[in-house]
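Below is start-v2.cif, holding mmCIF, C-alpha atoms and all ligand atoms.
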```cif
data_final
loop_
_atom_site.label_atom_id
_atom_site.label_comp_id
_atom_site.auth_asym_id
_atom_site.auth_seq_id
_atom_site.Cartn_x
_atom_site.Cartn_y
_atom_site.Cartn_z
CA MET B 29 0.00 0.00 0.00
CA THR B 30 1.36 3.48 -0.91
CA ASP B 31 1.78 5.69 2.15
CA THR B 32 0.03 8.99 1.35
CA PRO B 33 -0.46 10.82 4.66
CA LEU B 34 -1.75 14.02 3.05
CA LEU B 35 -4.94 14.69 1.11
CA ILE B 36 -4.81 17.99 -0.78
CA LEU B 37 -8.47 18.98 -0.99
CA GLY B 38 -9.73 21.79 -3.19
CA ALA B 39 -9.35 22.87 -6.80
CA ALA B 40 -8.57 26.38 -5.55
CA PHE B 41 -4.93 25.43 -4.79
CA SER B 42 -2.54 26.95 -7.33
CA ASP B 43 0.00 24.71 -9.07
CA GLU B 44 2.76 26.31 -6.98
CA GLU B 45 0.88 25.70 -3.71
CA ARG B 46 0.12 22.12 -4.67
CA ALA B 47 3.73 21.45 -5.65
CA ARG B 48 4.96 22.78 -2.31
CA LEU B 49 2.58 20.51 -0.40
CA GLU B 50 3.55 17.51 -2.54
CA THR B 51 7.24 18.19 -1.90
CA ALA B 52 6.69 18.21 1.85
CA HIS B 53 4.52 15.09 2.11
CA ALA B 54 3.42 12.20 -0.05
CA ALA B 55 -0.03 13.32 -1.14
CA ILE B 56 -3.14 12.54 -3.09
CA PHE B 57 -5.47 15.16 -4.53
CA ALA B 58 -9.23 15.68 -4.74
CA GLY B 59 -10.80 18.73 -6.37
CA SER B 60 -13.71 18.87 -3.93
CA PRO B 61 -15.11 16.94 -0.94
CA ASP B 62 -17.51 15.16 -3.32
CA GLU B 63 -14.53 13.64 -5.15
CA VAL B 64 -13.04 12.00 -2.04
CA ALA B 65 -15.28 8.94 -2.37
CA SER B 66 -13.83 8.18 -5.80
CA LEU B 67 -10.22 8.03 -4.55
CA PRO B 68 -8.71 4.53 -4.22
CA GLU B 69 -9.73 3.05 -0.87
CA ALA B 70 -6.16 1.96 -0.11
CA SER B 71 -4.92 5.58 -0.44
CA ARG B 72 -7.79 6.95 1.60
CA ALA B 73 -6.88 4.58 4.41
CA THR B 74 -3.40 6.13 4.78
CA VAL B 75 -4.55 9.76 4.85
CA LYS B 76 -3.74 11.37 8.20
CA ALA B 77 -4.12 15.03 7.28
CA ILE B 78 -6.05 17.24 4.88
CA THR B 79 -4.93 20.58 3.53
CA PHE B 80 -8.20 22.28 2.61
CA LYS B 81 -8.87 25.31 0.43
CA GLY B 82 -12.16 26.58 -0.90
CA HIS B 83 -15.79 27.00 0.06
CA ASN B 84 -17.30 23.58 -0.75
CA PRO B 85 -18.78 22.22 2.49
CA LEU B 86 -16.66 19.54 4.20
CA ASN B 87 -18.89 17.43 6.43
CA GLY B 88 -18.77 14.27 8.53
CA ASP B 89 -19.76 11.99 5.63
CA VAL B 90 -16.48 12.82 3.87
CA MET B 91 -14.45 12.59 7.10
CA ASP B 92 -15.88 9.07 7.57
CA LEU B 93 -14.22 8.00 4.31
CA LEU B 94 -10.79 8.72 5.86
CA LEU B 95 -10.44 6.41 8.81
CA ASN B 96 -7.00 7.68 9.93
CA LEU B 97 -7.69 11.38 9.48
CA GLY B 98 -6.36 13.42 12.43
CA VAL B 99 -6.26 17.01 11.22
CA ILE B 100 -7.94 19.28 8.68
CA ALA B 101 -5.68 22.28 8.05
CA ASN B 102 -7.66 25.10 6.47
CA TYR B 103 -6.09 27.66 4.14
CA GLY B 104 -7.65 30.85 5.49
CA VAL B 105 -8.76 32.21 8.84
CA GLY B 106 -12.45 31.69 8.03
CA TYR B 107 -13.26 27.98 8.27
CA ASP B 108 -17.05 28.14 7.88
CA ALA B 109 -16.95 25.56 5.05
CA ILE B 110 -15.62 22.93 7.48
CA ASN B 111 -18.13 21.31 9.81
CA VAL B 112 -16.10 21.68 13.00
CA GLU B 113 -18.76 19.99 15.11
CA ASP B 114 -18.55 16.89 12.90
CA ALA B 115 -14.74 16.99 13.09
CA SER B 116 -14.70 17.31 16.89
CA ALA B 117 -17.19 14.46 17.25
CA ARG B 118 -14.70 12.26 15.35
CA GLY B 119 -11.65 13.44 17.31
CA ILE B 120 -10.34 15.32 14.25
CA LYS B 121 -8.52 18.61 14.83
CA VAL B 122 -9.13 21.67 12.65
CA THR B 123 -6.59 24.46 12.15
CA ASN B 124 -6.76 27.81 10.32
CA THR B 125 -4.37 30.63 9.34
CA PRO B 126 -5.14 33.63 11.59
CA ASP B 127 -3.20 36.91 11.90
CA VAL B 128 -0.87 36.51 8.89
CA LEU B 129 -3.57 38.00 6.65
CA ASN B 130 -4.84 40.83 8.88
CA ASP B 131 -2.86 43.59 7.16
CA ASP B 132 -3.99 42.72 3.64
CA VAL B 133 -7.65 42.34 4.53
CA ALA B 134 -7.62 45.59 6.50
CA ASP B 135 -5.87 47.30 3.57
CA ILE B 136 -8.54 46.20 1.09
CA ALA B 137 -11.34 47.31 3.42
CA VAL B 138 -9.82 50.80 3.61
CA GLY B 139 -9.07 50.72 -0.12
CA MET B 140 -12.71 49.98 -0.95
CA MET B 141 -13.86 52.75 1.41
CA ILE B 142 -11.70 55.29 -0.39
CA ALA B 143 -12.54 53.92 -3.84
CA GLN B 144 -16.26 54.14 -3.05
CA SER B 145 -16.29 57.54 -1.39
CA ARG B 146 -14.05 59.13 -4.05
CA ASN B 147 -15.84 57.41 -6.94
CA MET B 148 -12.53 56.06 -8.24
CA VAL B 149 -13.96 53.35 -10.50
CA ALA B 150 -16.14 55.79 -12.48
CA ALA B 151 -13.33 58.37 -12.44
CA ASP B 152 -10.91 55.85 -13.95
CA ALA B 153 -13.46 55.09 -16.69
CA LEU B 154 -13.92 58.81 -17.36
CA VAL B 155 -10.20 59.31 -17.95
CA ARG B 156 -9.72 56.08 -19.96
CA SER B 157 -12.67 56.75 -22.26
CA GLY B 158 -11.31 60.15 -23.27
CA LYS B 159 -14.43 61.82 -21.87
CA TRP B 160 -12.36 63.86 -19.39
CA ALA B 161 -10.22 65.12 -22.29
CA ALA B 162 -13.45 66.03 -24.07
CA GLY B 163 -14.52 68.23 -21.18
CA GLU B 164 -16.78 65.91 -19.14
CA SER B 165 -16.55 65.75 -15.36
CA LEU B 166 -18.08 63.86 -12.46
CA PRO B 167 -20.00 65.27 -9.49
CA LEU B 168 -17.93 66.08 -6.37
CA ASN B 169 -17.19 63.18 -4.01
CA ARG B 170 -17.88 62.75 -0.28
CA LYS B 171 -15.05 63.26 2.21
CA MET B 172 -14.03 60.14 4.14
CA SER B 173 -11.35 61.43 6.52
CA GLY B 174 -12.90 62.82 9.69
CA SER B 175 -16.23 61.01 9.21
CA SER B 176 -17.51 58.18 11.40
CA VAL B 177 -17.22 54.41 11.03
CA GLY B 178 -18.85 51.44 12.75
CA ILE B 179 -16.96 48.14 12.78
CA VAL B 180 -19.16 45.05 13.12
CA GLY B 181 -16.94 42.46 14.81
CA LEU B 182 -13.88 43.88 16.55
CA GLY B 183 -11.71 40.77 16.24
CA ARG B 184 -8.21 40.50 14.75
CA ILE B 185 -9.10 42.03 11.36
CA GLY B 186 -11.73 44.43 12.71
CA ARG B 187 -9.15 45.94 15.05
CA ASP B 188 -6.60 46.36 12.28
CA ILE B 189 -9.23 48.17 10.20
CA ALA B 190 -10.12 50.42 13.14
CA ASP B 191 -6.44 51.20 13.79
CA ARG B 192 -6.01 52.28 10.17
CA LEU B 193 -9.17 54.41 10.21
CA ALA B 194 -8.06 56.13 13.42
CA ALA B 195 -5.18 57.52 11.33
CA PHE B 196 -7.84 58.90 8.95
CA LYS B 197 -9.15 60.93 11.94
CA MET B 198 -12.40 58.96 11.89
CA ASP B 199 -14.72 58.68 14.86
CA ILE B 200 -14.67 54.94 15.63
CA HIS B 201 -17.69 52.96 16.83
CA TYR B 202 -17.99 49.19 17.02
CA HIS B 203 -20.24 46.28 17.87
CA ALA B 204 -19.16 42.91 19.25
CA ARG B 205 -20.92 40.53 21.63
CA SER B 206 -19.05 42.12 24.52
CA GLU B 207 -17.40 45.47 25.10
CA LYS B 208 -13.65 45.47 24.40
CA GLU B 209 -10.69 47.43 25.68
CA THR B 210 -10.11 50.14 23.08
CA GLN B 211 -8.61 53.57 22.59
CA GLY B 212 -11.90 55.24 23.58
CA TRP B 213 -13.97 53.81 20.70
CA THR B 214 -17.76 53.83 21.22
CA TYR B 215 -19.41 50.46 21.93
CA HIS B 216 -22.91 49.61 20.68
CA ALA B 217 -24.77 46.60 22.03
CA ASP B 218 -26.59 46.05 18.72
CA VAL B 219 -25.92 46.57 15.02
CA VAL B 220 -28.96 48.81 14.36
CA SER B 221 -27.79 51.29 17.00
CA LEU B 222 -24.27 51.14 15.51
CA ALA B 223 -25.52 51.73 11.96
CA SER B 224 -27.67 54.68 12.94
CA ALA B 225 -24.63 56.41 14.52
CA VAL B 226 -22.12 56.20 11.63
CA ASP B 227 -21.36 57.10 7.99
CA TYR B 228 -19.52 53.83 7.12
CA LEU B 229 -20.40 50.35 8.35
CA VAL B 230 -17.57 47.80 7.97
CA ILE B 231 -18.34 44.12 8.51
CA ALA B 232 -15.49 42.01 9.94
CA LEU B 233 -17.46 39.15 11.52
CA VAL B 234 -16.82 35.42 11.23
CA GLY B 235 -19.10 33.66 8.73
CA GLY B 236 -21.28 30.62 9.32
CA LYS B 237 -24.82 29.89 10.49
CA GLU B 238 -24.59 31.89 13.73
CA THR B 239 -23.86 35.17 11.96
CA GLU B 240 -26.20 34.70 8.97
CA LYS B 241 -27.80 38.07 8.05
CA TYR B 242 -26.30 39.53 11.24
CA VAL B 243 -26.36 42.87 9.44
CA SER B 244 -30.11 42.90 8.92
CA ARG B 245 -32.48 44.80 6.69
CA ASP B 246 -33.18 47.13 9.66
CA ALA B 247 -29.46 47.78 10.17
CA ILE B 248 -29.02 48.63 6.47
CA ALA B 249 -32.00 51.01 6.64
CA ALA B 250 -30.62 52.61 9.82
CA LEU B 251 -27.41 53.58 8.00
CA GLY B 252 -29.31 56.14 5.91
CA PRO B 253 -28.87 57.70 2.46
CA HIS B 254 -25.29 58.92 3.02
CA GLY B 255 -24.17 55.59 4.46
CA VAL B 256 -21.67 53.18 2.90
CA ILE B 257 -21.38 49.47 3.72
CA VAL B 258 -18.08 47.62 3.37
CA ASN B 259 -17.98 43.84 3.69
CA ILE B 260 -14.75 41.84 3.88
CA SER B 261 -16.16 38.99 6.01
CA ARG B 262 -18.53 36.61 4.18
CA GLY B 263 -21.54 37.26 1.94
CA SER B 264 -23.68 35.44 4.50
CA THR B 265 -23.18 38.01 7.27
CA ILE B 266 -25.44 40.59 5.62
CA ASP B 267 -29.01 40.39 4.31
CA GLU B 268 -27.87 40.45 0.68
CA GLU B 269 -31.36 40.89 -0.77
CA ALA B 270 -31.89 43.96 1.42
CA LEU B 271 -28.42 45.26 0.47
CA ILE B 272 -29.14 44.98 -3.27
CA GLU B 273 -32.49 46.73 -2.82
CA ALA B 274 -30.91 49.52 -0.76
CA LEU B 275 -28.19 50.09 -3.39
CA ALA B 276 -30.71 50.00 -6.26
CA ASN B 277 -33.10 52.41 -4.52
CA GLY B 278 -30.39 54.73 -3.20
CA THR B 279 -31.52 54.29 0.39
CA ILE B 280 -27.80 53.91 1.16
CA ALA B 281 -25.05 55.77 -0.72
CA GLY B 282 -22.96 52.78 -1.74
CA ALA B 283 -20.93 49.72 -0.83
CA GLY B 284 -17.50 48.14 -1.10
CA LEU B 285 -17.83 44.36 -1.30
CA ASP B 286 -15.09 41.72 -1.37
CA VAL B 287 -17.46 38.85 -0.45
CA PHE B 288 -20.83 37.63 -1.72
CA ASN B 289 -23.23 34.73 -1.44
CA ASP B 290 -22.65 32.00 -4.05
CA GLU B 291 -19.20 33.21 -5.11
CA PRO B 292 -18.04 33.49 -7.81
CA LYS B 293 -21.47 33.22 -9.47
CA ILE B 294 -22.83 36.16 -7.53
CA ASP B 295 -26.28 37.70 -7.87
CA GLU B 296 -26.08 39.37 -11.28
CA ARG B 297 -28.03 42.39 -10.06
CA PHE B 298 -24.73 43.53 -8.47
CA TYR B 299 -23.24 44.08 -11.94
CA ALA B 300 -25.52 47.06 -12.62
CA LEU B 301 -25.09 48.79 -9.25
CA GLU B 302 -22.81 51.71 -10.02
CA THR B 303 -22.45 52.86 -6.41
CA ALA B 304 -20.88 49.55 -5.40
CA VAL B 305 -17.17 48.74 -5.70
CA LEU B 306 -16.95 44.98 -6.30
CA GLN B 307 -13.89 42.82 -5.59
CA PRO B 308 -13.37 39.09 -6.35
CA HIS B 309 -12.78 37.95 -2.74
CA GLN B 310 -9.17 39.04 -2.85
CA GLY B 311 -8.74 40.39 0.68
CA SER B 312 -5.74 38.21 1.45
CA GLY B 313 -4.64 38.00 -2.17
CA THR B 314 -1.04 39.18 -2.15
CA VAL B 315 2.00 37.05 -2.95
CA GLU B 316 3.44 37.66 0.51
CA THR B 317 0.32 36.85 2.50
CA ARG B 318 -0.77 33.84 0.46
CA ARG B 319 2.72 32.40 0.97
CA ALA B 320 2.52 33.02 4.72
CA MET B 321 -0.91 31.35 4.82
CA ALA B 322 0.39 28.33 2.89
CA GLU B 323 3.39 28.04 5.23
CA LEU B 324 1.20 28.17 8.33
CA GLN B 325 -1.17 25.59 6.88
CA LEU B 326 1.72 23.27 6.07
CA ALA B 327 3.32 23.84 9.48
CA ASN B 328 0.09 22.66 11.12
CA VAL B 329 0.09 19.48 9.01
CA SER B 330 3.77 18.83 9.76
CA ALA B 331 3.15 19.38 13.49
CA HIS B 332 0.36 16.83 13.45
CA LEU B 333 2.37 14.26 11.50
CA SER B 334 5.36 14.64 13.81
CA GLY B 335 3.20 14.54 16.94
CA THR B 336 3.96 18.08 18.17
CA ASP B 337 1.50 20.82 19.19
CA LEU B 338 -0.61 22.37 16.44
CA LEU B 339 0.25 26.02 15.85
CA THR B 340 -3.23 27.46 15.31
CA PRO B 341 -5.93 25.01 16.39
CA VAL B 342 -9.60 25.90 16.10
CA ASN B 343 -11.22 23.08 18.14
P1 LIG K 1 -11.87 36.95 14.78
O1 LIG K 1 -10.65 37.57 15.34
O2 LIG K 1 -12.32 35.64 15.31
O3 LIG K 1 -13.05 38.04 14.92
C1 LIG K 1 -14.33 37.71 14.53
C2 LIG K 1 -15.38 38.65 15.09
O4 LIG K 1 -16.63 37.99 14.84
C3 LIG K 1 -15.28 38.92 16.57
O5 LIG K 1 -15.47 40.29 16.79
C4 LIG K 1 -16.45 38.12 17.15
O6 LIG K 1 -17.15 38.80 18.14
C5 LIG K 1 -17.43 38.03 16.01
N1 LIG K 1 -18.25 36.83 16.15
C6 LIG K 1 -17.84 35.54 16.15
N2 LIG K 1 -18.90 34.72 16.33
C7 LIG K 1 -19.97 35.52 16.46
C8 LIG K 1 -21.37 35.27 16.68
N3 LIG K 1 -21.84 34.02 16.80
N4 LIG K 1 -22.20 36.33 16.78
C9 LIG K 1 -21.72 37.57 16.68
N5 LIG K 1 -20.42 37.88 16.47
C10 LIG K 1 -19.57 36.85 16.37
O7 LIG K 1 -11.74 36.73 13.21
P2 LIG K 1 -10.79 37.52 12.17
O8 LIG K 1 -9.47 36.85 12.11
O9 LIG K 1 -10.85 38.97 12.46
O10 LIG K 1 -11.54 37.17 10.80
C11 LIG K 1 -12.88 37.59 10.60
C12 LIG K 1 -13.44 37.01 9.34
O11 LIG K 1 -12.96 37.71 8.20
C13 LIG K 1 -13.07 35.55 9.03
O12 LIG K 1 -13.83 34.64 9.77
C14 LIG K 1 -13.34 35.45 7.55
O13 LIG K 1 -14.66 35.04 7.32
C15 LIG K 1 -13.15 36.89 7.06
N6 LIG K 1 -11.98 37.00 6.18
C16 LIG K 1 -12.16 37.44 4.90
C17 LIG K 1 -11.06 37.56 4.05
C18 LIG K 1 -11.20 38.08 2.66
O14 LIG K 1 -10.39 37.73 1.81
N7 LIG K 1 -12.16 38.94 2.39
C19 LIG K 1 -9.79 37.18 4.50
C20 LIG K 1 -9.65 36.74 5.81
C21 LIG K 1 -10.76 36.66 6.65
P3 LIG K 1 -16.84 38.69 19.71
O15 LIG K 1 -15.71 39.64 19.92
O16 LIG K 1 -18.10 39.10 20.34
O17 LIG K 1 -16.41 37.26 19.97
#
```

Here is the file; what I need is its structure written in the form of C-alpha cells.
Amino acid sequence: MTDTPLLILGAAFSDEERARLETAHAAIFAGSPDEVASLPEASRATVKAITFKGHNPLNGDVMDLLLNLGVIANYGVGYDAINVEDASARGIKVTNTPDVLNDDVADIAVGMMIAQSRNMVAADALVRSGKWAAGESLPLNRKMSGSSVGIVGLGRIGRDIADRLAAFKMDIHYHARSEKETQGWTYHADVVSLASAVDYLVIALVGGKETEKYVSRDAIAALGPHGVIVNISRGSTIDEEALIEALANGTIAGAGLDVFNDEPKIDERFYALETAVLQPHQGSGTVETRRAMAELQLANVSAHLSGTDLLTPVN
C-alpha cells in the first residue's frame, strides 16, 4: 500500500501551492469533498491530514471516508466551510491561518472605502474613455477622513481596520458581543444602534450559520442615504437581498464588497449597481500573504504528523 499521509483537498490550490505541499509530504489530490469517495480506498486509508482550500462544504460523511484522518488544516482564517462539530465528534482537529492576513484584509477594506467615497472606479473610466479630455466631469465626491465608522466584529481584522481608520481621523464605533478594551472607541450593544450612529459600516465578523444576516435589513435602513457598507467577512453576514435593494433604490449611498453569497457566481443584479465597488474575494490575495498562509497551513500538518503541538488550532 502506498503511504500517502496528506490529502490535498480543493481545486482552488494553485500549481505552486500544490507542488509545495507535494514536496513536503506524499499526497493525493481531490478537487472537492464530493470527489473524495472516488479516490482509491487503499490511499484513503493512509490519509492522516487534509490541507483544505475553498468554500465547498466539508462534512462528517467525507471525514468518515478517511479512517486515519487526524487534522484538517484550512487555508484561510475563516473555516465556515468545514463542519467543526462533525470533526470534533470524530476526534479530528481543525486548524486555520489567523493573523498573517490581517494587514492585507484591512488594507482592502480601507481601499474599498476610499474607492467608493471618491468614486474612483467611475473616475478611472472617465479618464480612460477620453471623456475627461473632451470636457466631461463627475460630481464632487464625499469626504471620508474625519467622518464616522462602525466596525461590526472587533476581532483581529476588525481591530486592524479600526487602527487604520483612526489615522484617517475617523470617529470609531464598534459592535461585538461584549465590550472590548479600546482607545476610547464607542461600543454599541446592537448593530442597528451602531448603523444609525455612523457614515460607514464595515463588517469584519466570522461567517457561518450563527452570523447569517447579522447585518439585517433594519441595520441597512438605519445607515441612511449617506451611508456606505463595506464587507470583507462573508456574503452570508449581511441580508444580501436587502443590500441589493438599498443600493438600487439609493436608500444607502454605496458599498464596497469583497465577499458575496454564491461566489463566484454572484447575484447578477450587483453588476448594474454603479455605487458599489466589487472585488473578487481578494482580501488576502497578495504574494506575501498567500505564501505566509500556505506556510502556516503546512506547518500545522507537519506538526500533526510529527506529533507536536498544532500552531493554530480551532477546536
Ligand atoms: P476573529 O478575530 O475571530 O473576529 C471575529 C469577530 O466575529 C469577533 O469580533 C467576534 O465577536 C465576532 N463573532 C464571532 N462569532 C460571532 C457570533 N456568533 N455572533 C456575533 N459575532 C460573532 O476573526 P478575524 O481573524 O478577524 O476574521 C474575521 C473574518 O474575516 C473571518 O472569519 C473570515 O470570514 C473573514 N476573512 C475574509 C477575508 C477576505 O479575503 N475577504 C480574509 C480573511 C478573513 P466577539 O468579539 O463578540 O467574539

Set the cut-off to 8 Å, count only C-alpha atoms and all ligand atoms, and list whatever residues fall near ligand LIG 1 (chain K) as a ChimeraX atom specification. /B:104-108,126-127,129-130,133,180-187,203-208,232-235,238-239,242,259-262,286-287,309-313

Provide the CA of Asn111 in chain B to CA of Lys241 in chain B distance in Å, to one decimal place.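 Separating CA of Asn111 in chain B from CA of Lys241 in chain B is a distance of 19.4 Å.
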
Hey, which of B:Ala65, B:Val258, B:Ala270, B:Ile179 ends up closest to Val138 in chain B? Count only C-alpha atoms.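 Between B:Ala65, B:Val258, B:Ala270, B:Ile179, the residue approaching Val138 in chain B most closely is B:Val258.
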
Atomic separation - CA of Glu240 in chain B relative to CA of Ile294 in chain B, Å: 16.9 Å

Could you tell me how far CA of Ala327 in chain B lies from CA of Thr340 in chain B, in Å and to one decimal? 9.5 Å

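Among B:Ala101, B:Ala115, B:Ala190, B:Met198, the residue with the shortest atom-to-atom distance to Asp135 in chain B, counting all atoms listed in the file, is B:Ala190.
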
Applying 9 Å and only C-alpha atoms, which residues near range 276-283 of chain B remain after dropping the ones on its own chain fewer than 5 positions away? List them as a PyMOL selection string. chain B and resi 140-141+144-145+248-249+251-259+271+297+300-306

For a quick check of understanding, using only C-alpha atoms, which of B:Ala322, B:Val128, B:Leu333, B:Leu275 has the smallest distance to Ala47 in chain B?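 Looking at the shortest contact to Ala47 in chain B, the residue is B:Ala322.
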
Go through B:Ile189, B:Val149, B:Ile272, B:Lys171 and flag the residue nearest Gln307 in chain B, using all atoms listed in the file for the distances.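 Nearest candidate to Gln307 in chain B out of B:Ile189, B:Val149, B:Ile272, B:Lys171: B:Val149.
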
With all atoms listed in the file as the atoms that count, which of B:Pro292, B:Gly88, B:Pro308, B:Gly284 lies nearest to Asn147 in chain B? B:Gly284

Nearest to Ala143 in chain B by atom-to-atom distance, counting only C-alpha atoms, from B:Ile231, B:Met172, B:Leu93, B:Ala217: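 Nearest to Ala143 in chain B: B:Met172.
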